[in-house]
Every structure is written in structure tokens, then in C-alpha cells.
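**Student:** Sharing a structure with you now.
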Amino acid sequence: MSTKVSSEEMEEITEGFQKVDVDGNGYICAKELSNLFQEVRCPMAGYQIRELLQKLDKDNDSRIDLEEFKAIYQDLKNEKYAQQFKKALNKKEGIVAIGGTSEISSVGTQHSISEQERFAFANYINSSLEEDPDCQAVLPINPSNEDLFKAVANGIVLCKLINLSVPDTIDERTINKKKLTPFTIQENLNLALNSASAIGCQVVNIGAQDLKEGKPHLVLGLLWQIIKIGLFADIELSRNEAIAALLEEGESLEELMKLSPEELLLRWANFHLKKVGMSISNFSGDIKDSKAYFHLLEQIAPDGSKEDAPRVEVDMTGLYENDLMKRAECMLVQADRLGCRQFVTATDVVSGNAKLNMAFVATLFNKHPALTKPENEDWNLQSETREERTFRNWMNSLGVRPNVHHIYGDLHDAMVILQLYEKIKVQVDWDNRVNLPPFRGGGGHLKKIENCNYAVELGKKKAGFSLVGIAGQDIYDGNETLTLALVWQLMRRYTLNVLEFLGEGEVAGDDLIISWVNKTLSENGKSSSIKSFKDKSISTSIPVLELIDTLQPNSVNFELVKTEDLSDEDKLDNAKYAVSMARKIGAKVYALPEDLVEVNQKMVMTIFACLMGRGMKRA
């Protein structure tokens, strides 16, 4: 499962995989393979597609996951079908091929850059940040050239976008905005990357230098992740109860909650399209003729029943335009009247750019959901807790597949948990002990439970976790307390791995971290100290800020730190500053400011451990 590849190759592989996996479910099926070859005008016969799938499908589940996709670039470089596949990827419409060399390849590598994405993201940034005074030096960005990659190079735009997607992630006081130097730019990029990771972006293969240099494939990948998180934020049942209107007959609320934002968007579009006898199964081929879009706009347009939303009558005459490009443009004119002309051009619609069309549909949903919560239903919808969100973001930042949206539903087959074991250097026997999806037939649930049993077994026997009273059935059933107990131990081990061997081979633990914190503070003339990770003084964030200032002298502006008679608001203000400053000096902190204010023992430990790791790097 974990064959060695260079980080540069992995970027190329992941980008290629996402390009073919148009529905974003983490797998490539025969239809998606066939569509790829048709799109690049190299259609293959059905038997050839089946042969190609068979060649690349290592686990014989009739689809290709990311690990199998990796084999195309490694094991099959000289084979006919693999060559055909790579050729098709490079010919995919709207792509600029950028050649470069790596240590692995003397002939160079190619990164495929979507001009459509560059155009869309530049326009999105222009419209979203046009009034931000801190971005005026780089805005507006010309979407038709390479300006986008220069605009993100100093980190300010990235930090602003992160706060746009997840408000208050970054304390604005920590962003370097004036008289920028290479060092202060590096700090901004550290802040952006570590904050992106904290909201669930996968940044494992992206460094500050890559962003400084404006490497297109990495910049576009990061921008999409940040933008997507913001677009999908409210496409979630606990944050938008009207989504319950999408329940299908015989479906439980729990089942609806398990759907990913992508699946909910498709369900939402079809909910409205059903009224005119239409349906779509994707945001690529099924929307190319703009017909579904015209009807969707007609269904969701404000009808004038709400005071703050005047009636908009959608002009449907463009639907009868024979030229698809002209028809798409007519449709976008109507979308503009709804305030939703975003992310796609007529070309993007007609070419079926799945990523950008999904972003367009998300914009439609966010502005005009046109849903009413069913009456006479007494649902107790619980929002995701802070702890659940932190765990979910941590998992997603490590690149687990599929992406985790609903922590209990998405872990119930243990596939994500088993990937996390590999992240903490616990070997998983994928060949002999793991049942791989899809889990078809009546015995599917038994295969999932077997995986969960194996996950618990690994924790007890290989990882040395304390899992008393936890069985595989508990993970499968989504037992909240017991599932979180396992996930916490995985996160704790991941955090401590960087500190695994210190000095004479001493294994890192709470006492060792506390001792290091106090020694570091004392040796540098700081007045703070902590007795434990439950120490009440931590609620002020002053021990954290003094430790940060010790690790990077004069980095903390103590004039911004409140020190006397602290109210809860003062404490939160300090905590926001402390968390952002930790990320700014290079500590990958996942915890939230509230964890410091409330002295959440678990998350406090991770903050000090991450700062200790940063201190060890300096030493």
C-alpha cells in the first residue's frame, strides 16, 4: 500500500488521479476511464477499457484507487496501456504541460496545469478580496497570465482566503503586511500552510519555497482545497436543517448525514430537477448542454415571497440556442441575475470541467438553496463538536482517502483508521488482513467489522494503545466515545513521533514535554512555568506565548497580550494570537484557541509537543 515515491512524483500522481476521478469518490471506474479517452479524442473500445482496468486494478474490485493509480507511473512505465493512459492525461483539454526535472527523472517530469482553474481562481480571489486594503498591491489579478502565481507568493492572499473559508482561523495581527522581507514572507507562508493544514487541507508535499516560487500545480491544488472547504462549509445537515428536505423515502436522518457535500449537492440538484422530469449523475458530462442548469436556475430563482429577495424571472429562451457555447453563455447571464456567475465560463460548462462545475453548483446552493425544512419533525441535530472537527481536519490534512466528512460514518469500515496507522509507522498487512471496498452483497457489513477488529488488534498489539473495552463492533457501530478514544490515541502518537527519541533514547511523554517546556522558559529568563497540561495558567496563553518568544526571539508583540484581570474575552484574544503565532514560527498546531482557554488537556499537550518539535529543529 505504501510504495516509495518522490514528493514531486506524488504531486503529479495525485493531480492526475483527481483529474480522472471526476465524481471525487476516491476511485476511478470504467466509465471515467472511457470518458477520459473520449474527451481527448482517443476513444477506446469497451474491451480495451476493460483490459486497461484489469491491468491497473491490483485488488480486482473493478475500480482503481490512488495506490493502484501510482502503479501506472511506477511499475508500468514501459507498457503499452500505461503509455496510452499517460498520453491521454497529457492531452486532456484545457491543460498546459509544464516540463521540469527531478532527481528521479533525468528526462524531466510534466505537471498538467488547468488554465480553466487558473482563470476561475484568479477571478474568485478578485471578487472576494477586492475591498481588502491588504491585498491592493496584487489585485486585481490578471486571470489570463501567470499573475495568480505571483500574487500568492508573499502569503497575504493565502491567509486572507483561509479566513474567508473558515473565519477566524488566522489572527490578522500575526500576518506580516508591510515592508516585507524574505524572512517575513517565509513567516507568512508558514502561517498560511500550517493554518491550511489545521482546516483540513493536505499540504504534505507543499513547502513555503514552492509557494514563493509560484509552482503552478502546487498553488492551484492548495487554492482549490481552501476554496472548496469554504464552499462546502454549509452543505451539512447540522448547519443547514433545511437539507432534511432532501430525505428520500425510507431513508433515515443518519443516512443523510453520512453523505459527502458532493453527494448532497448532486441530491439537491436532482431534488429540483425532478420537478421537470430531469436528473443528472455528475457535474461533468451531464451538464455540458446547459439544459439541467437552465431548469435548475428556474427552480431556485427567488419567487418574491421573501422581503429580502425580490422575484427573479429566469429567461429560458437561451435553452433553445443550438450552439452549445452560446447556450452556456445565455445560461450564465441568467446565473448572473441570481448573483451566482462564479467559477465557470461557457467553455468550462461545455467541456464538462467537473471541479469548476461543482464549485458553480455549490455557489448556487449557498445563495439560493430553495429548501424548506419538513414540518412536524422533531429532530435533535447535534453540530460537530470542536474535538470532532479537530480530529477530522487532522485526518484530512494527512491525505486519507476517502476524505472524512462525517467522522463516525466515514470510519466505520476502518479503511481510514488503517491508513492512519501507516502514518504513525505501524505496518498494516493490506494483502492478507484487510477487506478492500467496494463491500458488495449481504456480507459487506461482516467484512467491515473484520477490518474494524483488525484496527483494534493493531492498536493493542502493534501500537501499544490502551483500548480497554473497545471492540471492532464499536467502531463499526459509530460509538462516539470509543471511536474518539481510538482516534485520539492515533493523533497523540502522530504528534509524539517527532519527539520519539531524545537524548539517551528517552521516549517522549507528558512528563518529558513539561520538563522541557519549564527548562526552556527558565533558561531564557521567562517567568512562566506549568505543572501539568491542566495548569490553570495555560488559560491565559501566556506560557505558550513566552515559549514561542523563546523559540523565535522577539517574534511576539507583548503589547498585544493582555496580562491582568483577564476576562474570558481577553483570554480568547490571547489564545487566538498564541495559536496563530505558533503556526507562524513553523509549528503544525491543529488545536483551536478555545482549547487553550478551557485548558483542554489533550489539545494543550499537542500544542506544547508541536512547539517542542519546533525547538528541536532549531537545536
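Going through the C-alpha cells in order, the chains are called A, B, and so on, while each chain numbers its residues from 1 and the ligands are numbered from 1 in the order shown.
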Could you write out, as number ranges by chain, all the residues of stretch 452-597 of chain A that DSSP marks as alpha helix (DSSP H)?

**Tutor:** A: 452-457, 472-477, 480-497, 510-523, 542-551, 568-584, 593-597

**Student:** Write out as JSON lines the residues of stretch 109-214 of chain A that have any atom within 7 Å of an atom of stretch 586-599 of chain A, one row each with the nearest atom pair and its distance in Å to one decimal, counting only C-alpha atoms, sorted by chain and then rising number.

**Tutor:**
{"residue": "A:Asn190", "atom": "CA", "partner": "A:Gly586", "partner_atom": "CA", "distance": 5.7}
{"residue": "A:Asn194", "atom": "CA", "partner": "A:Lys588", "partner_atom": "CA", "distance": 5.3}
{"residue": "A:Ala198", "atom": "CA", "partner": "A:Tyr590", "partner_atom": "CA", "distance": 4.8}

**Student:** Please identify all polymer residues within 12 Å of A:Pro302, counting only C-alpha atoms, omitting same-chain residues fewer than 2 positions from it, and present them as a PyMOL selection string.

**Tutor:** chain A and resi 297-300+304-314+337-339+364+367-371

**Student:** Residues at most 7 Å from A:Asn154, counting only C-alpha atoms, excluding those fewer than 5 positions away in the same chain, as a PyMOL selection string?

**Tutor:** chain A and resi 185+188-189+212

**Student:** Which residue, A:Gly615, A:Lys160, A:Val426, A:Ala578, has the smallest gap to A:Lys461 when you use only C-alpha atoms?

**Tutor:**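 Distance minimum relative to A:Lys461 lands on A:Val426.
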
**Student:** Under the rule that only C-alpha atoms are counted, which of A:Ile141, A:Leu158, A:Ile542, A:Leu324 is the nearest residue to A:Ser127?

**Tutor:** A:Ile141

**Student:** When you look at stretch 233-240 of chain A with a cut-off of 8 Å (counting only C-alpha atoms), what residues show up, excluding the ones that are within fewer than 5 positions of it in the same chain? I need them as an NGL selection string.

**Tutor:** :A and (165 or 257 or 261 or 264-265 or 366 or 381-384)

**Student:** Could you tell me which of A:Asn451, A:Asn123, A:Asn518, A:Asn393 comes closest to A:Ile199 if we count only C-alpha atoms?

**Tutor:**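 Nearest candidate to A:Ile199 out of A:Asn451, A:Asn123, A:Asn518, A:Asn393: A:Asn393.
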
**Student:** Could you tell me which of A:Gln54, A:Ser522, A:Ser397, A:Ser539 comes closest to A:Gln202 if we count only C-alpha atoms?

**Tutor:**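 For A:Gln202, the nearest of the given residues is A:Ser397.
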
**Student:** What does the distance between atom CA of A:Gly352 and atom CA of A:Asn145 come to in Å, to one decimal place?

**Tutor:**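 Between atom CA of A:Gly352 and atom CA of A:Asn145 the gap works out to 22.4 Å.
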
**Student:** Separation of atom CA of A:Gln334 and atom CA of A:Leu356, in Å?

**Tutor:**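 The value is 17.8 Å.
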
**Student:** Near A:Met316, counting only C-alpha atoms, which residues have an atom at most 12 Å away, once you skip same-chain residues fewer than 6 positions from it, shown as an NGL selection string?

**Tutor:** :A and (290-299 or 327-328 or 330-335)
